[in-house]
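**Student:** Data file coords.csv (CSV, C-alpha atoms and all ligand atoms) is appended below.
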chain,number,residue,atom,x,y,z
Y,1,MET,CA,107.8,79.7,75.3
Y,2,HIS,CA,105.9,82.7,74.1
Y,3,THR,CA,108.1,85.2,72.2
Y,4,ARG,CA,107.1,88.8,72.7
Y,5,LEU,CA,107.5,91.1,69.7
Y,6,LEU,CA,108.2,94.7,70.7
Y,7,VAL,CA,108.2,97.4,68.0
Y,8,ILE,CA,110.6,100.3,68.6
Y,9,GLN,CA,110.2,103.5,66.7
Y,10,GLU,CA,112.3,106.1,68.5
Y,11,VAL,CA,114.8,104.9,71.1
Y,12,ASP,CA,114.0,107.9,73.4
Y,13,SER,CA,110.2,108.0,73.1
Y,14,GLY,CA,108.3,107.0,76.3
Y,15,GLU,CA,106.8,103.7,75.1
Y,16,SER,CA,110.0,102.5,73.3
Y,17,GLY,CA,112.2,103.5,76.2
Y,18,LYS,CA,110.1,101.4,78.5
Y,19,ALA,CA,110.2,98.4,76.2
Y,20,LEU,CA,113.9,98.7,75.9
Y,21,ARG,CA,114.4,98.8,79.7
Y,22,GLU,CA,112.2,95.7,80.0
Y,23,ALA,CA,114.3,93.9,77.3
Y,24,GLY,CA,117.5,95.0,79.1
Y,25,GLU,CA,116.1,93.6,82.4
Y,26,CYS,CA,115.2,90.3,80.6
Y,27,LEU,CA,118.9,90.0,79.5
Y,28,ARG,CA,120.2,90.7,83.0
Y,29,LYS,CA,118.0,87.9,84.3
Y,30,GLY,CA,119.5,85.4,81.8
Y,31,GLY,CA,116.8,85.7,79.0
Y,32,LEU,CA,117.4,85.9,75.3
Y,33,VAL,CA,116.4,89.0,73.2
Y,34,ALA,CA,116.8,89.5,69.5
Y,35,PHE,CA,117.5,93.0,68.4
Y,36,PRO,CA,118.5,95.1,65.3
Y,37,THR,CA,122.0,96.2,64.6
Y,38,GLU,CA,123.3,98.1,61.6
Y,39,THR,CA,124.5,94.8,60.0
Y,40,VAL,CA,121.9,92.1,60.7
Y,41,TYR,CA,119.7,91.2,63.7
Y,42,GLY,CA,121.5,89.7,66.6
Y,43,LEU,CA,120.3,87.1,69.2
Y,44,GLY,CA,121.4,88.6,72.5
Y,45,GLY,CA,122.2,87.1,75.9
Y,46,ASP,CA,124.3,88.3,78.8
Y,47,ALA,CA,127.9,87.7,77.6
Y,48,LEU,CA,129.3,87.3,81.1
Y,49,ASN,CA,126.7,84.6,82.1
Y,50,PRO,CA,127.7,81.1,80.9
Y,51,ALA,CA,124.1,79.9,81.2
Y,52,SER,CA,122.9,82.6,78.8
Y,53,SER,CA,125.5,81.7,76.2
Y,54,LYS,CA,124.5,78.0,76.4
Y,55,LYS,CA,120.9,79.1,75.8
Y,56,ILE,CA,122.0,81.0,72.7
Y,57,TYR,CA,123.6,77.9,71.2
Y,58,ALA,CA,120.5,75.9,72.0
Y,59,ALA,CA,118.1,78.4,70.5
Y,60,LYS,CA,120.1,78.6,67.3
Y,61,GLY,CA,120.9,75.0,67.0
Y,62,ARG,CA,124.6,76.1,66.7
Y,63,PRO,CA,127.6,74.0,67.4
Y,64,SER,CA,129.1,75.2,70.8
Y,65,ASP,CA,132.7,75.4,69.4
Y,66,ASN,CA,131.5,78.4,67.3
Y,67,PRO,CA,132.3,81.5,69.5
Y,68,LEU,CA,130.0,84.5,70.0
Y,69,ILE,CA,130.7,88.2,69.5
Y,70,VAL,CA,130.6,90.3,72.7
Y,71,HIS,CA,128.8,93.6,72.0
Y,72,ILE,CA,129.6,96.7,74.1
Y,73,TYR,CA,128.3,100.2,74.0
Y,74,ARG,CA,131.3,102.3,75.2
Y,75,TRP,CA,135.0,102.1,74.6
Y,76,GLU,CA,136.2,101.7,78.1
Y,77,ASP,CA,134.3,98.4,78.6
Y,78,ILE,CA,136.8,96.7,76.2
Y,79,TYR,CA,139.2,96.5,79.1
Y,80,ARG,CA,136.7,94.3,81.0
Y,81,VAL,CA,136.5,91.7,78.3
Y,82,SER,CA,140.1,91.8,77.0
Y,83,SER,CA,143.3,91.3,79.1
Y,84,SER,CA,145.5,93.1,76.5
Y,85,VAL,CA,144.2,95.8,74.2
Y,86,PRO,CA,146.9,96.9,71.7
Y,87,ALA,CA,147.2,100.5,70.3
Y,88,GLN,CA,145.9,99.1,67.0
Y,89,ALA,CA,142.5,98.4,68.7
Y,90,LYS,CA,142.2,102.0,69.8
Y,91,ALA,CA,143.2,103.2,66.4
Y,92,ILE,CA,140.5,101.3,64.5
Y,93,ALA,CA,137.9,101.9,67.2
Y,94,ASP,CA,138.6,105.7,66.7
Y,95,ALA,CA,138.1,105.2,63.0
Y,96,PHE,CA,135.2,102.8,62.8
Y,97,TRP,CA,133.4,102.4,66.2
Y,98,PRO,CA,130.6,102.4,66.8
Y,99,GLY,CA,130.1,100.5,63.6
Y,100,PRO,CA,130.2,97.2,61.7
Y,101,LEU,CA,133.7,96.0,62.8
Y,102,THR,CA,134.6,93.2,65.2
Y,103,MET,CA,138.0,92.8,66.8
Y,104,ILE,CA,139.6,89.5,68.0
Y,105,LEU,CA,141.7,90.1,71.2
Y,106,PRO,CA,143.0,88.0,74.1
Y,107,LYS,CA,140.1,87.4,76.5
Y,108,SER,CA,139.9,88.5,80.1
Y,109,GLU,CA,139.0,86.1,82.9
Y,110,GLU,CA,135.6,87.6,83.2
Y,111,VAL,CA,134.5,86.3,79.8
Y,112,PRO,CA,133.3,82.7,80.2
Y,113,TYR,CA,134.6,80.0,77.8
Y,114,GLU,CA,131.0,79.3,77.0
Y,115,THR,CA,130.9,82.6,75.3
Y,116,THR,CA,134.2,82.2,73.4
Y,117,GLY,CA,133.6,78.6,72.4
Y,118,GLY,CA,136.5,77.5,74.5
Y,119,LEU,CA,139.0,79.9,72.9
Y,120,ASP,CA,141.4,82.2,74.9
Y,121,THR,CA,140.5,85.1,72.5
Y,122,VAL,CA,137.3,87.1,72.4
Y,123,ALA,CA,135.5,88.9,69.6
Y,124,VAL,CA,134.3,92.4,70.5
Y,125,ARG,CA,132.1,94.8,68.6
Y,126,MET,CA,130.5,98.2,69.4
Y,127,PRO,CA,127.4,98.5,67.1
Y,128,SER,CA,126.2,101.9,65.9
Y,129,HIS,CA,122.4,101.1,65.8
Y,130,PRO,CA,120.8,103.2,68.5
Y,131,VAL,CA,118.5,100.4,69.6
Y,132,ALA,CA,121.4,98.0,70.0
Y,133,ALA,CA,123.5,100.6,71.9
Y,134,ARG,CA,120.7,101.4,74.3
Y,135,LEU,CA,119.8,97.8,74.9
Y,136,ILE,CA,123.4,96.8,75.7
Y,137,GLU,CA,123.5,99.7,78.2
Y,138,TYR,CA,120.3,98.6,79.9
Y,139,ALA,CA,121.5,95.0,79.9
Y,140,GLY,CA,124.6,95.9,81.9
Y,141,GLY,CA,127.1,96.5,79.1
Y,142,PHE,CA,128.0,93.1,77.7
Y,143,VAL,CA,125.7,91.3,75.2
Y,144,ALA,CA,126.8,88.2,73.4
Y,145,ALA,CA,125.0,88.1,70.0
Y,146,PRO,CA,125.4,85.9,67.0
Y,147,SER,CA,123.2,86.6,64.0
Y,148,ALA,CA,119.5,85.8,65.0
Y,149,ASN,CA,119.0,83.1,62.4
Y,150,ALA,CA,118.6,79.4,63.0
Y,151,SER,CA,122.0,77.8,62.3
Y,152,GLY,CA,122.3,77.2,58.5
Y,153,ARG,CA,119.9,79.9,57.5
Y,154,PRO,CA,120.9,83.4,56.2
Y,155,SER,CA,121.3,86.1,58.8
Y,156,PRO,CA,118.0,88.0,59.3
Y,157,THR,CA,117.7,91.5,57.9
Y,158,SER,CA,114.3,92.2,59.4
Y,159,ALA,CA,112.3,91.2,62.5
Y,160,ARG,CA,110.0,89.1,60.3
Y,161,TYR,CA,112.8,86.7,59.5
Y,162,VAL,CA,113.9,86.6,63.1
Y,163,MET,CA,110.4,85.5,64.1
Y,164,GLU,CA,110.4,82.9,61.3
Y,165,ASP,CA,113.5,81.2,62.8
Y,166,MET,CA,113.2,82.0,66.6
Y,167,GLU,CA,109.5,82.3,67.5
Y,168,GLY,CA,108.9,80.1,70.6
Y,169,ARG,CA,112.6,79.7,71.2
Y,170,ILE,CA,113.5,83.1,72.8
Y,171,ASP,CA,111.9,85.6,75.2
Y,172,MET,CA,111.6,88.7,73.0
Y,173,VAL,CA,112.2,90.1,69.5
Y,174,ILE,CA,112.7,93.9,69.2
Y,175,ASP,CA,111.5,95.1,65.8
Y,176,GLY,CA,113.5,98.2,64.8
Y,177,GLY,CA,112.7,97.9,61.0
Y,178,GLU,CA,115.0,96.7,58.2
Y,179,VAL,CA,118.7,96.8,58.8
Y,180,GLY,CA,121.0,99.2,56.9
Y,181,ILE,CA,123.8,97.0,55.8
Y,182,GLY,CA,122.5,93.5,55.5
Y,183,LEU,CA,125.8,91.5,55.8
Y,184,GLU,CA,127.6,90.7,59.0
Y,185,SER,CA,130.4,92.9,60.5
Y,186,THR,CA,134.0,92.7,59.3
Y,187,ILE,CA,136.1,90.6,61.7
Y,188,ILE,CA,139.7,91.5,62.2
Y,189,ASP,CA,142.1,89.4,64.3
Y,190,LEU,CA,144.5,91.7,66.2
Y,191,THR,CA,146.3,88.8,67.9
Y,192,VAL,CA,148.4,88.1,64.8
Y,193,THR,CA,151.0,90.2,62.9
Y,194,PRO,CA,150.0,91.6,60.4
Y,195,PRO,CA,146.4,91.8,61.5
Y,196,GLN,CA,144.2,89.5,59.5
Y,197,ILE,CA,140.6,89.8,58.3
Y,198,LEU,CA,138.7,86.6,59.1
Y,199,ARG,CA,135.4,87.7,57.7
Y,200,PRO,CA,135.2,90.6,55.1
Y,201,GLY,CA,132.4,93.2,55.6
Y,202,TYR,CA,131.4,96.8,55.3
Y,203,VAL,CA,134.7,98.0,56.7
Y,204,THR,CA,136.9,96.9,53.9
Y,205,GLN,CA,140.6,95.7,53.8
Y,206,GLU,CA,141.5,99.0,52.1
Y,207,MET,CA,139.8,101.1,54.9
Y,208,LEU,CA,141.6,99.1,57.6
Y,209,SER,CA,144.9,99.3,55.8
Y,210,GLU,CA,144.7,103.1,55.8
Y,211,VAL,CA,144.8,103.0,59.6
Y,212,LEU,CA,146.9,99.9,60.3
Y,213,GLY,CA,149.2,99.5,57.4
Y,214,ARG,CA,149.4,96.0,56.1
Y,215,VAL,CA,146.3,93.9,56.7
Y,216,ASP,CA,145.9,90.4,55.3
Y,217,LEU,CA,142.8,88.5,54.3
Y,218,ASP,CA,142.2,84.9,55.5
Y,219,VAL,CA,142.9,83.0,52.2
Y,220,THR,CA,139.8,80.9,52.8
Y,221,ALA,CA,137.5,83.9,52.5
Y,222,LEU,CA,137.3,83.8,48.7
Y,223,ARG,CA,138.8,80.3,47.9
Y,224,ALA,CA,137.8,76.8,48.7
Y,225,ASP,CA,141.0,75.2,47.4
Y,226,SER,CA,143.5,76.7,49.8
Y,227,GLY,CA,143.7,73.4,51.7
Y,228,GLN,CA,143.4,75.4,55.0
Y,229,ALA,CA,140.7,75.8,57.6
Y,230,PRO,CA,139.2,79.2,58.1
Y,231,LYS,CA,140.5,81.0,61.2
Y,232,ALA,CA,137.0,82.1,62.4
Y,233,PRO,CA,135.4,78.8,63.5
Y,234,GLY,CA,132.0,79.9,62.2
Y,235,MET,CA,133.4,80.4,58.7
Y,236,LYS,CA,134.0,76.7,58.2
Y,237,TYR,CA,130.3,75.9,58.3
Y,238,ARG,CA,128.4,76.3,55.1
Y,239,HIS,CA,126.5,79.3,56.2
Y,240,TYR,CA,123.5,78.8,54.2
Y,241,ALA,CA,122.6,76.0,51.9
Y,242,PRO,CA,119.5,77.1,49.9
Y,243,LYS,CA,117.2,74.2,49.3
Y,244,GLY,CA,117.8,74.8,45.6
Y,245,GLU,CA,121.3,74.1,44.2
Y,246,LEU,CA,123.1,77.4,43.8
Y,247,THR,CA,125.8,78.0,41.1
Y,248,ILE,CA,127.8,81.2,40.6
Y,249,VAL,CA,128.6,82.0,37.0
Y,250,SER,CA,131.5,84.4,36.4
Y,251,GLY,CA,132.8,86.0,33.2
Y,252,PRO,CA,131.8,88.5,30.5
Y,253,MET,CA,128.2,89.4,31.0
Y,254,ASP,CA,126.9,88.3,27.6
Y,255,GLN,CA,128.4,84.9,28.0
Y,256,VAL,CA,127.1,84.6,31.6
Y,257,ALA,CA,123.5,85.3,30.5
Y,258,GLU,CA,123.8,82.9,27.6
Y,259,TYR,CA,125.2,80.1,29.8
Y,260,ILE,CA,122.6,80.6,32.5
Y,261,ASN,CA,119.8,80.6,30.0
Y,262,ALA,CA,121.0,77.4,28.4
Y,263,LYS,CA,121.2,75.7,31.8
Y,264,THR,CA,117.8,77.0,33.1
Y,265,ASP,CA,116.1,76.1,29.8
Y,266,ALA,CA,117.4,72.5,30.2
Y,267,HIS,CA,116.3,72.3,33.9
Y,268,LYS,CA,112.9,73.7,33.0
Y,269,ALA,CA,112.5,71.0,30.3
Y,270,ALA,CA,113.3,68.4,32.9
Y,271,GLY,CA,110.4,69.8,35.0
Y,272,GLU,CA,112.5,71.7,37.6
Y,273,LYS,CA,111.8,75.2,38.9
Y,274,THR,CA,114.6,77.5,38.0
Y,275,GLY,CA,115.9,80.8,39.5
Y,276,VAL,CA,118.4,83.6,38.7
Y,277,ILE,CA,120.1,86.1,41.0
Y,278,GLY,CA,120.9,88.9,38.6
Y,279,THR,CA,121.6,92.6,38.4
Y,280,ASN,CA,119.4,95.3,37.0
Y,281,GLU,CA,121.7,95.7,34.0
Y,282,ALA,CA,121.1,92.1,32.8
Y,283,LEU,CA,117.8,91.2,34.3
Y,284,ALA,CA,115.8,91.4,31.0
Y,285,GLU,CA,118.0,88.7,29.5
Y,286,TYR,CA,117.1,85.7,31.7
Y,287,HIS,CA,114.5,83.0,30.9
Y,288,ALA,CA,114.3,81.4,34.4
Y,289,ASP,CA,111.0,80.9,36.2
Y,290,VAL,CA,112.0,83.2,39.1
Y,291,VAL,CA,114.4,86.1,38.2
Y,292,LYS,CA,115.4,88.4,41.1
Y,293,SER,CA,117.6,91.4,41.0
Y,294,VAL,CA,120.0,92.1,43.8
Y,295,GLY,CA,120.2,95.7,42.6
Y,296,SER,CA,122.5,97.6,40.2
Y,297,ARG,CA,126.2,96.8,39.6
Y,298,GLN,CA,126.8,100.4,40.3
Y,299,ASP,CA,125.5,100.1,43.9
Y,300,GLU,CA,127.3,97.4,45.9
Y,301,LEU,CA,125.7,98.5,49.2
Y,302,GLU,CA,122.3,97.7,47.7
Y,303,ILE,CA,123.5,94.3,46.6
Y,304,GLY,CA,124.8,93.5,50.1
Y,305,LYS,CA,121.6,94.7,51.6
Y,306,ARG,CA,119.4,92.5,49.4
Y,307,LEU,CA,121.4,89.3,49.2
Y,308,TYR,CA,120.2,87.4,52.3
Y,309,ARG,CA,116.5,88.4,51.7
Y,310,ILE,CA,116.7,87.1,48.2
Y,311,LEU,CA,118.2,83.8,49.3
Y,312,ARG,CA,115.3,83.3,51.8
Y,313,GLU,CA,112.8,84.2,49.1
Y,314,PHE,CA,114.1,81.4,46.8
Y,315,ASP,CA,113.5,78.9,49.5
Y,316,ASP,CA,110.0,80.3,50.1
Y,317,GLU,CA,109.2,79.8,46.4
Y,318,ASN,CA,110.7,76.3,46.3
Y,319,VAL,CA,113.1,76.9,43.5
Y,320,ASP,CA,115.2,73.8,42.6
Y,321,CYS,CA,118.2,75.3,41.0
Y,322,ILE,CA,119.5,78.8,41.2
Y,323,TYR,CA,122.2,80.6,39.1
Y,324,SER,CA,123.8,83.8,40.2
Y,325,GLU,CA,125.9,86.4,38.5
Y,326,ALA,CA,129.4,86.9,40.1
Y,327,PHE,CA,130.7,90.1,41.5
Y,328,ASP,CA,134.0,91.9,41.7
Y,329,THR,CA,136.1,90.9,44.7
Y,330,GLY,CA,137.6,94.3,45.4
Y,331,GLY,CA,136.5,96.7,48.2
Y,332,TYR,CA,133.0,95.8,49.5
Y,333,GLY,CA,132.7,93.1,46.8
Y,334,GLN,CA,135.0,91.0,49.0
Y,335,ALA,CA,132.2,90.7,51.5
Y,336,ILE,CA,129.5,90.1,48.9
Y,337,MET,CA,131.4,87.3,47.1
Y,338,ASN,CA,132.5,85.7,50.4
Y,339,ARG,CA,128.8,85.3,51.5
Y,340,LEU,CA,127.6,84.2,48.0
Y,341,LEU,CA,130.5,81.7,47.7
Y,342,LYS,CA,129.5,80.2,51.1
Y,343,ALA,CA,125.9,80.0,50.1
Y,344,ALA,CA,126.9,78.2,46.9
Y,345,GLY,CA,129.3,75.8,48.7
Y,346,HIS,CA,132.0,77.4,46.4
Y,347,HIS,CA,130.3,76.0,43.3
Y,348,VAL,CA,131.5,78.4,40.6
Y,349,VAL,CA,131.6,78.2,36.8
Y,350,SER,CA,134.2,80.6,35.2
Y,351,LEU,CA,133.6,81.5,31.5
Y,352,GLY,CA,136.0,83.2,29.1
Y,353,ASP,CA,139.4,84.6,30.2
Y,354,LYS,CA,137.9,87.6,31.9
Y,355,GLY,CA,136.4,85.4,34.7
Y,356,GLU,CA,136.3,87.4,37.9
Y,357,LEU,CA,137.4,84.5,40.1
Y,401,LIG,O1,127.4,91.8,62.3
Y,401,LIG,C1,127.7,90.9,63.1
Y,401,LIG,O2,128.8,90.6,63.5
Y,401,LIG,C2,126.5,90.2,63.7
Y,401,LIG,C3,125.7,91.2,64.6
Y,401,LIG,C4,124.5,90.5,65.3
Y,401,LIG,O3,126.5,91.9,65.4
Y,401,LIG,N1,126.9,89.0,64.5
Y,401,LIG,C5,127.4,87.9,63.9
Y,401,LIG,O4,127.7,86.9,64.8
Y,401,LIG,O5,127.5,87.8,62.7
Y,401,LIG,P1,127.9,85.4,64.4
Y,401,LIG,O6,128.0,84.6,65.6
Y,401,LIG,O7,126.8,85.0,63.4
Y,401,LIG,O8,129.3,85.4,63.7
Y,401,LIG,C6,130.4,85.5,64.5
Y,401,LIG,C7,131.6,85.0,63.8
Y,401,LIG,C8,131.7,83.5,63.7
Y,401,LIG,O9,132.2,83.1,62.4
Y,401,LIG,C9,132.7,83.1,64.8
Y,401,LIG,O10,133.3,81.9,64.5
Y,401,LIG,C10,133.6,84.3,64.8
Y,401,LIG,O11,132.8,85.4,64.6
Y,401,LIG,N2,134.3,84.5,66.0
Y,401,LIG,C11,133.8,84.8,67.2
Y,401,LIG,N3,134.7,84.8,68.2
Y,401,LIG,C12,135.9,84.5,67.6
Y,401,LIG,C13,137.2,84.3,68.1
Y,401,LIG,N4,137.6,84.5,69.3
Y,401,LIG,N5,138.2,84.0,67.2
Y,401,LIG,C14,137.9,83.8,65.9
Y,401,LIG,N6,136.6,83.9,65.4
Y,401,LIG,C15,135.6,84.3,66.2
Y,402,MG,MG,125.9,84.1,61.9
Mind turning this structure into structure tokens?
**Tutor:**
Amino acid sequence: MHTRLLVIQEVDSGESGKALREAGECLRKGGLVAFPTETVYGLGGDALNPASSKKIYAAKGRPSDNPLIVHIYRWEDIYRVSSSVPAQAKAIADAFWPGPLTMILPKSEEVPYETTGGLDTVAVRMPSHPVAARLIEYAGGFVAAPSANASGRPSPTSARYVMEDMEGRIDMVIDGGEVGIGLESTIIDLTVTPPQILRPGYVTQEMLSEVLGRVDLDVTALRADSGQAPKAPGMKYRHYAPKGELTIVSGPMDQVAEYINAKTDAHKAAGEKTGVIGTNEALAEYHADVVKSVGSRQDELEIGKRLYRILREFDDENVDCIYSEAFDTGGYGQAIMNRLLKAAGHHVVSLGDKGEL
């Protein structure tokens, strides 16, 4: 299959408008189109068409028990996909939609089990990216879209990475530039009391609690030893196993740098290529072959935005073993550490008594 790459500058300009209409038409006919959202690129298909959802699983190489998020572009459409929309849903939609927040609700009959991975609940999100919003409208209003990576790779933050994983497997890729956030949306389950965050993201536990009162976090989000299975089926898979072995080192920064240097020196002596994921503040300390900064500790948004790109870069550079600094787990740090822990298969070394984990 030839994958067309369409570059969109301004949603409402003549050329781009035409391209988006074409992409919408492609989705209506059962095709697959990758598109930018404010979080990561999505791999879209018609959410109400079981054949489209099956094609999404095939293109990604994703297990079909891992449900897809249904993307809508206006509030009232939530009643088409959910049979029971609680007042809490309206309250958080008013506060955070359109935006990087996904709600789990009871599904309606219109949503096929192929889309929900056999579940009676449905994940719904209204993205704020103008390209995504317009594409969903042109597609008929309901677009199922997992992240547009091949299963097991980090979610793509630019069209280049979508093409890397999906070229030849889908009909079109819409290039709308680099995404703003870089980590997938927050997922909150509204079918339980109190509501529970299944995947932390840009909309934090604190932000949701301000609207909903008590909100819990799935214990598996930051711990591997809880003995429980994650509630979001997708979170049980190791999202991304870099080719190199990734270890997170937490503790006082001077000890962290010392530990990482001792390890990378030893690996180097054994002929291995070493890497470090560090922050601007400590970058000059490291001896590894490839040292990359995820940004400043003062700017968590930047860290979230760079994380997946850096993980892909370590693969491109064939690094054998990678050490990463750890991050605070409050606020947005919850999302950053959740993704980093998954990439590391929860392999963490804690130093000193000020270990952050
Ligand atoms: O930011 C995002 O959410 C991106 C963009 C493209 O919108 N999408 C995304 O989709 O991250 P995906 O498929 O990569 O991740 C969806 C997650 C999976 O972990 C899946 O198991 C969970 O949502 N999920 C979907 N439906 C669910 C349901 N009914 N109950 C529990 N978890 C669900
Ligand atoms: Mg994904």
**Student:** Kindly indicate which residue among Y:Ile188, Y:Val294, Y:Ile322, Y:Ala224 lies nearest to ligand LIG 401 (chain Y), using all atoms listed in the file for the distances.
**Tutor:**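 Ranking Y:Ile188, Y:Val294, Y:Ile322, Y:Ala224 by distance to ligand LIG 401 (chain Y), first place goes to Y:Ile188.
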**Student:** Distance table requested - stretch 12-31 of chain Y against stretch 144-167 of chain Y, cut-off 12 Å, all atoms listed in the file: one row per qualifying residue with the closest atom pair and its distance in Å to one decimal, ordered by chain and rising residue number, as a Markdown table.
**Tutor:**
| residue | atom | partner | partner_atom | distance |
| --- | --- | --- | --- | --- |
| Y:Leu27 | CA | Y:Ala144 | CA | 10.1 |
| Y:Arg28 | CA | Y:Ala144 | CA | 11.9 |
| Y:Gly30 | CA | Y:Ala144 | CA | 11.5 |
| Y:Gly31 | CA | Y:Ala144 | CA | 11.7 |
**Student:** Using all atoms listed in the file, determine which residues fall within 12 Å of ligand MG 402 (chain Y), then list them as an MDAnalysis selection string.
**Tutor:** chainID Y and resid 39:43 56:57 60:63 66:69 145:157 182:185 199 232:240 308 339
**Student:** Just checking: using all atoms listed in the file, which residue out of Y:Asp189, Y:Glu110, Y:Glu137, Y:Asp171 ends up closest to ligand LIG 401 (chain Y)?
**Tutor:**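 Closest candidate: Y:Asp189.
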**Student:** Rank Y:Thr191, Y:Thr115, Y:Thr121, Y:Thr279 by their smallest atom-to-atom distance to ligand LIG 401 (chain Y), using all atoms listed in the file, and report the top residue only.
**Tutor:** Y:Thr121
**Student:** Restricting the calculation to all atoms listed in the file: of Y:Met126, Y:Ile336, Y:Val131, Y:Ala87, which residue gets closest to Y:Trp75?
**Tutor:**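 Distance minimum relative to Y:Trp75 lands on Y:Met126.
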**Student:** Place a sphere of radius 9 Å on (131.1, 97.4, 51.4) in the file coordinates and name every protein, DNA or RNA residue with an atom inside or on its surface, counting only C-alpha atoms; give the answer as a VMD selection string.
**Tutor:** chain Y and resid 181 200 to 204 300 to 301 304 331 to 336
**Student:** Please identify all polymer residues within 12 Å of stretch 209-216 of chain Y, counting all atoms listed in the file, omitting same-chain residues fewer than 4 positions from it, and present them as a short mmCIF file (atom, residue, chain, number, x, y, z; two decimals) with C-alpha atoms, keeping the file's coordinate frame.
**Tutor:**
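And here is the file that came out, result17.cif:
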data_model
loop_
_atom_site.label_atom_id
_atom_site.label_comp_id
_atom_site.auth_asym_id
_atom_site.auth_seq_id
_atom_site.Cartn_x
_atom_site.Cartn_y
_atom_site.Cartn_z
CA PRO Y 86 146.90 96.90 71.70
CA ALA Y 87 147.20 100.50 70.30
CA GLN Y 88 145.90 99.10 67.00
CA ALA Y 89 142.50 98.40 68.70
CA LYS Y 90 142.20 102.00 69.80
CA ALA Y 91 143.20 103.20 66.40
CA ILE Y 92 140.50 101.30 64.50
CA ALA Y 93 137.90 101.90 67.20
CA ASP Y 94 138.60 105.70 66.70
CA ALA Y 95 138.10 105.20 63.00
CA PHE Y 96 135.20 102.80 62.80
CA ILE Y 187 136.10 90.60 61.70
CA ILE Y 188 139.70 91.50 62.20
CA ASP Y 189 142.10 89.40 64.30
CA LEU Y 190 144.50 91.70 66.20
CA VAL Y 192 148.40 88.10 64.80
CA THR Y 193 151.00 90.20 62.90
CA PRO Y 194 150.00 91.60 60.40
CA PRO Y 195 146.40 91.80 61.50
CA GLN Y 196 144.20 89.50 59.50
CA ILE Y 197 140.60 89.80 58.30
CA LEU Y 198 138.70 86.60 59.10
CA ARG Y 199 135.40 87.70 57.70
CA PRO Y 200 135.20 90.60 55.10
CA VAL Y 203 134.70 98.00 56.70
CA THR Y 204 136.90 96.90 53.90
CA GLN Y 205 140.60 95.70 53.80
CA THR Y 220 139.80 80.90 52.80
CA ALA Y 221 137.50 83.90 52.50
CA GLY Y 331 136.50 96.70 48.20
#
**Student:** One decimal, in Å: what's the spacing between atom CA of Y:Val348 and atom CA of Y:Gly295?
**Tutor:**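 Value for the atom CA of Y:Val348-atom CA of Y:Gly295 distance: 20.8 Å.
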**Student:** In Å to one decimal, how far is atom CA of Y:Gly180 from atom CA of Y:Leu217?
**Tutor:**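 Separating atom CA of Y:Leu217 from atom CA of Y:Gly180 is a distance of 24.4 Å.
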**Student:** Using only C-alpha atoms, pick whichever of Y:Glu25, Y:Asp315, Y:Glu281, Y:Glu10 has the shortest atom-to-atom distance to Y:Asp175.
**Tutor:**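 Closest to Y:Asp175 of all the choices is Y:Glu10.
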**Student:** Quick one: distance from atom CA of Y:Thr186 to atom CA of Y:Tyr73 in Å, one decimal?
**Tutor:** 17.5 Å
**Student:** Compare Y:Ala123, Y:Asp12, Y:Leu48, Y:Gly17 by their minimum atom-to-atom distance to ligand LIG 401 (chain Y), counting all atoms listed in the file, and give me the closest one.
**Tutor:**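 Answer, going by the shortest atom-to-atom distance: Y:Ala123.
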**Student:** Using all atoms listed in the file, determine which residues lie at most 12 Å from Y:Pro242, disregarding the query and same-chain residues fewer than 5 positions distant; provide the list as a PDB file with C-alpha atoms, in the frame of the given file.
**Tutor:**
ATOM      1  CA  GLY Y 152     122.300  77.200  58.500  1.00  0.00           C
ATOM      2  CA  ARG Y 153     119.900  79.900  57.500  1.00  0.00           C
ATOM      3  CA  PRO Y 154     120.900  83.400  56.200  1.00  0.00           C
ATOM      4  CA  THR Y 247     125.800  78.000  41.100  1.00  0.00           C
ATOM      5  CA  GLY Y 275     115.900  80.800  39.500  1.00  0.00           C
ATOM      6  CA  TYR Y 308     120.200  87.400  52.300  1.00  0.00           C
ATOM      7  CA  ARG Y 309     116.500  88.400  51.700  1.00  0.00           C
ATOM      8  CA  ILE Y 310     116.700  87.100  48.200  1.00  0.00           C
ATOM      9  CA  LEU Y 311     118.200  83.800  49.300  1.00  0.00           C
ATOM     10  CA  ARG Y 312     115.300  83.300  51.800  1.00  0.00           C
ATOM     11  CA  GLU Y 313     112.800  84.200  49.100  1.00  0.00           C
ATOM     12  CA  PHE Y 314     114.100  81.400  46.800  1.00  0.00           C
ATOM     13  CA  ASP Y 315     113.500  78.900  49.500  1.00  0.00           C
ATOM     14  CA  ASP Y 316     110.000  80.300  50.100  1.00  0.00           C
ATOM     15  CA  GLU Y 317     109.200  79.800  46.400  1.00  0.00           C
ATOM     16  CA  ASN Y 318     110.700  76.300  46.300  1.00  0.00           C
ATOM     17  CA  VAL Y 319     113.100  76.900  43.500  1.00  0.00           C
ATOM     18  CA  ASP Y 320     115.200  73.800  42.600  1.00  0.00           C
ATOM     19  CA  CYS Y 321     118.200  75.300  41.000  1.00  0.00           C
ATOM     20  CA  ILE Y 322     119.500  78.800  41.200  1.00  0.00           C
ATOM     21  CA  TYR Y 323     122.200  80.600  39.100  1.00  0.00           C
ATOM     22  CA  LEU Y 340     127.600  84.200  48.000  1.00  0.00           C
ATOM     23  CA  LYS Y 342     129.500  80.200  51.100  1.00  0.00           C
ATOM     24  CA  ALA Y 343     125.900  80.000  50.100  1.00  0.00           C
ATOM     25  CA  ALA Y 344     126.900  78.200  46.900  1.00  0.00           C
ATOM     26  CA  GLY Y 345     129.300  75.800  48.700  1.00  0.00           C
TER      27      GLY Y 345
END
**Student:** Name the residues, using the chain letters and numbers of the file, that sit within 9 Å of (128.7, 104.0, 66.3) when counting all atoms listed in the file, and give them as a VMD selection string.
**Tutor:** chain Y and resid 73 96 to 100 126 to 130 133
